[in-house]
Amino acid sequence: MRPTLLRVLVLVAIASPATAQQSRTPLKPPVLTADSAARAIADSIALMKEFEKLTTAAKPAPAANNSAQGSTNTRMMPDFSAVGDLVGDLSPKRSTQADNSRFGIREVELAVQSVVDPYFRADFFLGINDSEKISIEQAFLTTTALPAGVQAKLGRFLMPLGKQNTTHRHDLHTVEYPYVIQRFLSDDGLKGTGVTTSMVMAPFGFYQELIVGVVDHFIDTPDGLTVDKPVNRNLDGLGYSARLRSYVDISQNANIELSASAMTGKVAQPLTASYTTADNVTASAVGARQTVMGVDVTYRWKPLQQGIYRSFILQAEVMRQVNERNPVLPALSPLFDPAPGFIRGYAGPTRNYTGGYVFARWQLSQRLYLGGRYDNVQDPMAAGAALTAGSAVLEWFPSEFSKLVASYERVNQGSALGLDRLLLQAVFSVGPHKPHPF
Amino acid sequence: MNVRQWIAVVGLALSVPTVAHSQLKVVTSTTDLFDIASAVGGDKVKASHIGEGFQDPHFIEAKPSFVLQLRNADVWAFVGLDLEIGWMPLLLDGARNPKIQLGGSGYVDVSKAMPVIDVPRGSVDRSMGDVHPFGNPHYWLDPENGRRIAKLFLAKFSELDPKNAAEYAANEKAFETKLGAAETAWQAQLATIKGKPVVAWHTSWNYFAEYTGMRIVAYMEPKPGVPPSPSHLLQVVQAVKASGAKVIIMEPFYDRKVADLVARQTGATVLILPPSVGGVPGITSYLQLMQHDVTELSTRVK
């Protein structure tokens, strides 16, 4: 603030007898005597001198290498960062990776993050791997200046559905997402393109956040399926989500988070056989409503004083997938000539599925963590057969910017013999990667 | 008024920051900034802090409950120089409070008013450990910087709350008077400390060293943020024996087992010194912090 204007404000402040009072009631005009005026002027002069000292003293003393005092990003460059996620699969029977590799670069994530203007921030995350080549993992604008604590996110982002789905895969405490997320949502986290709006509130004295969103569609159409018409042709086919997050500090060292989420949309589900529809489209799938609802709870303990050496987290999620059982099938084209044995019918899920996991991790030392997870899912990809898995994970962080993981997992699917999986992972980052959500 | 006009009025009302406060709401990253802000603000500010004095300020968890503190804050004052880089962005994003975002009226990077030491020369990268590329952020451990912090708060509070500027000025002057008197009182202790060799765990004591004249002959960390290795500990032991250092100073949030090992090998003693207000029980103000640290160190280095 200019010293001149500051002096005026100070003079106004001193001249008013109300400055010494906290009351907001209207004041009577001050009655100035010669003495009080002289004192006020003397005080103001003294104060002006103080402020003059302040405006010079507040300037940092020159230092030879004091680059912190000037702007450090005069070209306004965004933050660039990269994360490498390498996975090794030493499972005894065979590689359990989708590409059958024993060692592979699961993904390189490139991030470009910056403030756009006084109203928005932008985050871009590109995923690069050998199979998908380069893909837009996330690319979103976040508002920074909406009123009433509202924040909107526009673009592509990890869906706020459950707890772990909002975590980048390389940042998980395990090598892969829990099976309920892999089976109900996506192997690499469910993303959506659209808009979400969130509001932080505390009507009960603790933190709560409500996030609602609408995205282009719910689950991607699987390869090999062709729907009669786009699942999002009508607005009721878009993906709609809601999440209510509640967080409470139990003590300085411990806290608990309890949240509920839901998402609904139309999903391409297979027909018993392909056929030509009345719209003259060869369809092998139809859009059917699917809803996923879940609750998640996370308990954290981290002593403030020795928090870099000890911590504990216990987390659990349960999800329920609710499927439309009898979607309206597309009408047959009168010109369609069915082959012998053709049956026009619905081959998608005709039941609901439930799944969940429990995860715990204990910090052994400043850099070493031991964790374990138990998964139990009615697998929609196996007609609801139970998929159970138990895993142990050892994580070592040479620094905040690198992580080495060794994981053993025993997976049982239905009546099939169990599968032992031994996975190794190395994650490393360069550049100023923003911290991930708590 | 028609509907559009009403919408415009409501939108404008919601977008204008609330200015009618009985107290400025000030949130600080550390307890030291909190104490000085409270000293300058008096009862005209309602101050709170995120980190605790016994907590490593580099690794504070960005808990959602902190967002509730920040979302209505008028002032967010932080140490800067990337001390809070690991958690501050999450909290500011979550707070959705334009007043305390970069460029906002209440965004106070206290480091901008400090003469900074240990600014790395040449190329800087993470092979140097958890280095702060813009300089050492632990500047509050020099009372002259404590004065600068107080003056910065005086300027900011007076800017945001000009009607109470005189009171802020009086409070700041009282703070400086008390600090000056305390410094005069501990001059003899500073004389005891001057030139004495010590070992420090982390580079957080460099400003304190410049002020007291103590000579840091070795750090327990081979590089900032890197735990000591056996080979480095050997070097530390040798440095202690060569210099005659009697004290290994460390913060209360580090594990002292390794320091105790060096102490046993060398005859030195481990001194837990709080780097911040509240770092140990009974230290409830910035003045008490400086007094405590000067007194304890002078007693141990004799």
# chains A, B, ... in the order shown; residues from 1 in each chain; ligands from 1

$ interface_residues --of "chain B" --to "chain A" --cutoff "8 Å" --atoms "only C-alpha atoms" --output "number ranges by chain"
B: 14-15, 22, 52, 54-56, 59, 61-65, 68, 71, 81, 86-87, 89-90, 93, 95-98, 111-117, 119, 121, 134-135, 148, 151-152, 155, 159, 162-167, 169, 226, 252-255

$ write_last_selection --atoms "N, CA and C atoms" --output "short mmCIF file (atom, residue, chain, number, x, y, z; two decimals), in the first residue's frame"
data_model
loop_
_atom_site.label_atom_id
_atom_site.label_comp_id
_atom_site.auth_asym_id
_atom_site.auth_seq_id
_atom_site.Cartn_x
_atom_site.Cartn_y
_atom_site.Cartn_z
N LEU B 14 -22.10 -12.55 -3.39
CA LEU B 14 -21.37 -13.77 -3.05
C LEU B 14 -19.90 -13.67 -3.43
N SER B 15 -19.59 -12.88 -4.44
CA SER B 15 -18.21 -12.84 -4.90
C SER B 15 -17.35 -11.85 -4.14
N SER B 22 -14.98 -8.65 13.15
CA SER B 22 -14.56 -8.09 14.40
C SER B 22 -13.11 -8.48 14.65
N GLU B 52 2.32 -28.34 14.55
CA GLU B 52 2.65 -28.23 15.96
C GLU B 52 4.16 -28.07 16.10
N PHE B 54 6.24 -29.56 17.87
CA PHE B 54 7.02 -30.80 18.01
C PHE B 54 6.92 -31.67 16.76
N GLN B 55 6.45 -31.10 15.69
CA GLN B 55 6.21 -31.83 14.46
C GLN B 55 7.16 -31.35 13.38
N ASP B 56 7.62 -32.28 12.55
CA ASP B 56 8.48 -31.89 11.43
C ASP B 56 7.65 -31.09 10.43
N PHE B 59 6.69 -32.38 6.85
CA PHE B 59 5.84 -33.55 6.60
C PHE B 59 4.53 -33.49 7.38
N GLU B 61 0.60 -33.64 7.49
CA GLU B 61 -0.44 -34.23 6.64
C GLU B 61 -1.51 -33.18 6.34
N ALA B 62 -1.90 -33.15 5.08
CA ALA B 62 -2.91 -32.17 4.66
C ALA B 62 -4.30 -32.68 5.00
N LYS B 63 -4.60 -32.69 6.29
CA LYS B 63 -5.87 -33.25 6.74
C LYS B 63 -7.03 -32.34 6.35
N PRO B 64 -8.16 -32.91 6.00
CA PRO B 64 -9.32 -32.09 5.63
C PRO B 64 -9.76 -31.13 6.72
N SER B 65 -9.51 -31.47 7.97
CA SER B 65 -9.93 -30.57 9.04
C SER B 65 -9.17 -29.24 8.96
N LEU B 68 -11.01 -26.66 6.91
CA LEU B 68 -12.05 -25.88 7.60
C LEU B 68 -11.46 -24.63 8.26
N ARG B 71 -10.71 -22.10 5.16
CA ARG B 71 -11.69 -21.64 4.18
C ARG B 71 -12.27 -20.28 4.53
N LEU B 81 9.84 -20.76 1.01
CA LEU B 81 11.09 -21.41 0.57
C LEU B 81 10.89 -22.92 0.49
N GLY B 86 5.08 -29.75 0.44
CA GLY B 86 4.50 -31.09 0.40
C GLY B 86 3.04 -31.14 0.81
N TRP B 87 2.53 -30.08 1.39
CA TRP B 87 1.15 -30.16 1.88
C TRP B 87 0.34 -28.90 1.69
N PRO B 89 -0.19 -26.89 -0.99
CA PRO B 89 -1.07 -26.77 -2.17
C PRO B 89 -2.40 -27.51 -2.00
N LEU B 90 -2.35 -28.68 -1.35
CA LEU B 90 -3.59 -29.42 -1.15
C LEU B 90 -4.55 -28.65 -0.27
N ASP B 93 -5.94 -25.55 -2.14
CA ASP B 93 -6.93 -25.97 -3.14
C ASP B 93 -8.24 -26.35 -2.45
N ALA B 95 -9.37 -25.39 0.40
CA ALA B 95 -10.01 -24.30 1.14
C ALA B 95 -10.90 -23.46 0.24
N ARG B 96 -10.57 -23.37 -1.03
CA ARG B 96 -11.38 -22.61 -2.02
C ARG B 96 -11.59 -21.17 -1.54
N ASN B 97 -10.57 -20.60 -0.92
CA ASN B 97 -10.67 -19.26 -0.37
C ASN B 97 -9.78 -18.34 -1.20
N PRO B 98 -10.36 -17.52 -2.07
CA PRO B 98 -9.52 -16.69 -2.95
C PRO B 98 -8.65 -15.70 -2.19
N SER B 111 8.78 -15.53 3.85
CA SER B 111 10.19 -15.57 3.41
C SER B 111 10.55 -14.38 2.53
N LYS B 112 9.54 -13.76 1.94
CA LYS B 112 9.83 -12.64 1.04
C LYS B 112 10.43 -11.46 1.79
N ALA B 113 10.28 -11.44 3.10
CA ALA B 113 10.83 -10.33 3.89
C ALA B 113 12.13 -10.71 4.58
N MET B 114 12.69 -11.88 4.22
CA MET B 114 13.85 -12.39 4.95
C MET B 114 15.11 -12.36 4.10
N PRO B 115 16.23 -12.07 4.72
CA PRO B 115 17.50 -12.34 4.05
C PRO B 115 17.78 -13.84 4.18
N VAL B 116 17.89 -14.51 3.08
CA VAL B 116 17.95 -15.97 3.08
C VAL B 116 19.40 -16.44 2.95
N ILE B 117 19.75 -17.44 3.69
CA ILE B 117 21.09 -18.02 3.59
C ILE B 117 21.01 -19.39 2.93
N VAL B 119 21.51 -20.39 -0.05
CA VAL B 119 20.90 -20.52 -1.37
C VAL B 119 21.88 -21.30 -2.24
N ARG B 121 24.21 -22.76 -5.01
CA ARG B 121 24.78 -22.17 -6.22
C ARG B 121 24.81 -23.24 -7.31
N PHE B 134 15.56 -22.61 -3.00
CA PHE B 134 15.52 -21.16 -2.84
C PHE B 134 16.19 -20.69 -1.55
N GLY B 135 16.75 -21.62 -0.81
CA GLY B 135 17.46 -21.23 0.40
C GLY B 135 16.90 -21.90 1.63
N ARG B 148 11.68 -9.04 11.86
CA ARG B 148 11.18 -8.84 10.50
C ARG B 148 9.80 -9.47 10.34
N LYS B 151 7.27 -7.18 11.90
CA LYS B 151 6.99 -6.00 11.07
C LYS B 151 6.13 -6.37 9.86
N LEU B 152 6.37 -7.54 9.33
CA LEU B 152 5.57 -7.98 8.19
C LEU B 152 4.12 -8.14 8.60
N ALA B 155 2.49 -4.77 8.99
CA ALA B 155 2.11 -4.18 7.70
C ALA B 155 0.86 -4.85 7.15
N GLU B 159 -2.82 -3.25 6.79
CA GLU B 159 -3.39 -3.13 5.44
C GLU B 159 -4.82 -3.65 5.40
N PRO B 162 -7.19 -1.45 8.76
CA PRO B 162 -6.54 -0.17 9.06
C PRO B 162 -7.08 0.51 10.32
N LYS B 163 -8.30 0.22 10.69
CA LYS B 163 -8.84 0.93 11.85
C LYS B 163 -8.11 0.53 13.14
N ASN B 164 -7.46 -0.62 13.12
CA ASN B 164 -6.71 -1.06 14.30
C ASN B 164 -5.21 -0.96 14.11
N ALA B 165 -4.80 -0.20 13.12
CA ALA B 165 -3.37 -0.11 12.81
C ALA B 165 -2.56 0.39 13.99
N ALA B 166 -3.12 1.34 14.72
CA ALA B 166 -2.37 1.90 15.85
C ALA B 166 -2.11 0.82 16.90
N GLU B 167 -3.10 -0.01 17.13
CA GLU B 167 -2.93 -1.06 18.13
C GLU B 167 -1.90 -2.08 17.65
N ALA B 169 0.55 -1.50 15.72
CA ALA B 169 1.86 -0.85 15.84
C ALA B 169 2.34 -0.88 17.28
N VAL B 226 18.18 -37.15 4.38
CA VAL B 226 18.69 -38.51 4.16
C VAL B 226 19.17 -39.07 5.50
N PRO B 252 13.01 -32.51 18.45
CA PRO B 252 12.29 -33.56 19.18
C PRO B 252 11.59 -34.57 18.28
N PHE B 253 11.47 -34.27 16.97
CA PHE B 253 10.73 -35.21 16.12
C PHE B 253 11.65 -36.19 15.39
N TYR B 254 12.93 -36.15 15.67
CA TYR B 254 13.83 -37.14 15.10
C TYR B 254 14.11 -38.24 16.12
N ASP B 255 14.44 -39.40 15.62
CA ASP B 255 14.75 -40.54 16.46
C ASP B 255 16.17 -40.38 17.00
#

$ residues_around --residues "Ala218 in chain B" --least-positions-apart "4" --cutoff "9 Å" --atoms "only C-alpha atoms" --output "MDAnalysis selection string"
chainID B and resid 198:201 222 235:236 239:240

$ residues_around --residues "Lys246 in chain B" --least-positions-apart "4" --cutoff "8 Å" --atoms "only C-alpha atoms" --output "PDB file with N, CA and C atoms, in the first residue's frame"
ATOM      1  N   PRO B 197      32.140 -25.648  19.003  1.00  0.00           N
ATOM      2  CA  PRO B 197      31.747 -26.609  17.973  1.00  0.00           C
ATOM      3  C   PRO B 197      30.552 -27.446  18.442  1.00  0.00           C
ATOM      4  N   VAL B 198      29.634 -27.696  17.524  1.00  0.00           N
ATOM      5  CA  VAL B 198      28.482 -28.561  17.816  1.00  0.00           C
ATOM      6  C   VAL B 198      28.215 -29.409  16.585  1.00  0.00           C
ATOM      7  N   VAL B 240      33.621 -35.029  15.470  1.00  0.00           N
ATOM      8  CA  VAL B 240      33.404 -34.658  16.870  1.00  0.00           C
ATOM      9  C   VAL B 240      34.704 -34.744  17.648  1.00  0.00           C
ATOM     10  N   GLY B 267      31.644 -39.231  23.741  1.00  0.00           N
ATOM     11  CA  GLY B 267      31.523 -38.526  25.012  1.00  0.00           C
ATOM     12  C   GLY B 267      30.696 -37.267  24.917  1.00  0.00           C
ATOM     13  N   ALA B 268      30.186 -36.960  23.731  1.00  0.00           N
ATOM     14  CA  ALA B 268      29.300 -35.793  23.584  1.00  0.00           C
ATOM     15  C   ALA B 268      27.930 -36.122  24.174  1.00  0.00           C
ATOM     16  N   THR B 269      27.122 -35.102  24.340  1.00  0.00           N
ATOM     17  CA  THR B 269      25.761 -35.340  24.827  1.00  0.00           C
ATOM     18  C   THR B 269      24.759 -34.921  23.764  1.00  0.00           C
ATOM     19  N   ARG B 300      25.290 -26.515  27.972  1.00  0.00           N
ATOM     20  CA  ARG B 300      25.893 -27.771  27.540  1.00  0.00           C
ATOM     21  C   ARG B 300      27.260 -27.610  26.890  1.00  0.00           C
ATOM     22  N   VAL B 301      27.545 -26.429  26.319  1.00  0.00           N
ATOM     23  CA  VAL B 301      28.813 -26.285  25.589  1.00  0.00           C
ATOM     24  C   VAL B 301      29.951 -25.785  26.484  1.00  0.00           C
TER      25      VAL B 301
END

$ residues_around --residues "range 394-397 of chain A" --least-positions-apart "3" --cutoff "8 Å" --atoms "only C-alpha atoms" --output "list in words"
His173, Arg367, Leu368, Tyr369, Leu370, Gly371, Glu400, Phe401, Ser402, Lys403, Leu404, Val405, Ala406 and Ser407 of chain A

$ select_by_dssp --residues "range 61-262 of chain A" --states "strand (DSSP E or B)" --output "MDAnalysis selection string"
chainID A and resid 79:89 103:117 120:129 133:143 150:158 191:201 207:215 227 239:249 254:262

$ residues_around --residues "Val110 in chain B" --least-positions-apart "5" --cutoff "8 Å" --atoms "only C-alpha atoms" --output "VMD selection string"
chain B and resid 77 to 80 149 152

$ write_last_selection --atoms "N, CA and C atoms" --output "PDB file, in the first residue's frame"
ATOM      1  N   ALA B  77      -0.403 -17.217   6.520  1.00  0.00           N
ATOM      2  CA  ALA B  77       1.008 -16.848   6.587  1.00  0.00           C
ATOM      3  C   ALA B  77       1.834 -18.115   6.706  1.00  0.00           C
ATOM      4  N   PHE B  78       2.792 -18.266   5.834  1.00  0.00           N
ATOM      5  CA  PHE B  78       3.592 -19.485   5.833  1.00  0.00           C
ATOM      6  C   PHE B  78       5.063 -19.136   5.709  1.00  0.00           C
ATOM      7  N   VAL B  79       5.900 -20.085   6.066  1.00  0.00           N
ATOM      8  CA  VAL B  79       7.341 -19.863   6.110  1.00  0.00           C
ATOM      9  C   VAL B  79       7.907 -19.667   4.701  1.00  0.00           C
ATOM     10  N   GLY B  80       7.465 -20.503   3.762  1.00  0.00           N
ATOM     11  CA  GLY B  80       7.926 -20.370   2.382  1.00  0.00           C
ATOM     12  C   GLY B  80       9.230 -21.089   2.121  1.00  0.00           C
ATOM     13  N   ILE B 149       9.620 -10.612  10.952  1.00  0.00           N
ATOM     14  CA  ILE B 149       8.312 -11.278  10.872  1.00  0.00           C
ATOM     15  C   ILE B 149       7.251 -10.390  11.526  1.00  0.00           C
ATOM     16  N   LEU B 152       6.373  -7.543   9.334  1.00  0.00           N
ATOM     17  CA  LEU B 152       5.573  -7.982   8.192  1.00  0.00           C
ATOM     18  C   LEU B 152       4.117  -8.144   8.604  1.00  0.00           C
TER      19      LEU B 152
END

$ closest_residue --among "A:Val83, A:Gln413, A:Ala242, A:Asn253" --to "Ile60 in chain B" --atoms "only C-alpha atoms"
A:Asn253

$ closest_residue --among "B:Val75, B:Val124, B:Ile50, B:Met250" --to "Ala37 in chain B" --atoms "only C-alpha atoms"
B:Val75

$ atom_distance --atom1 "CA of Ala283 in chain A" --atom2 "CA of Pro270 in chain A"
9.1 Å

$ atom_distance --atom1 "CA of Glu317 in chain A" --atom2 "CA of Val214 in chain A"
22.7 Å
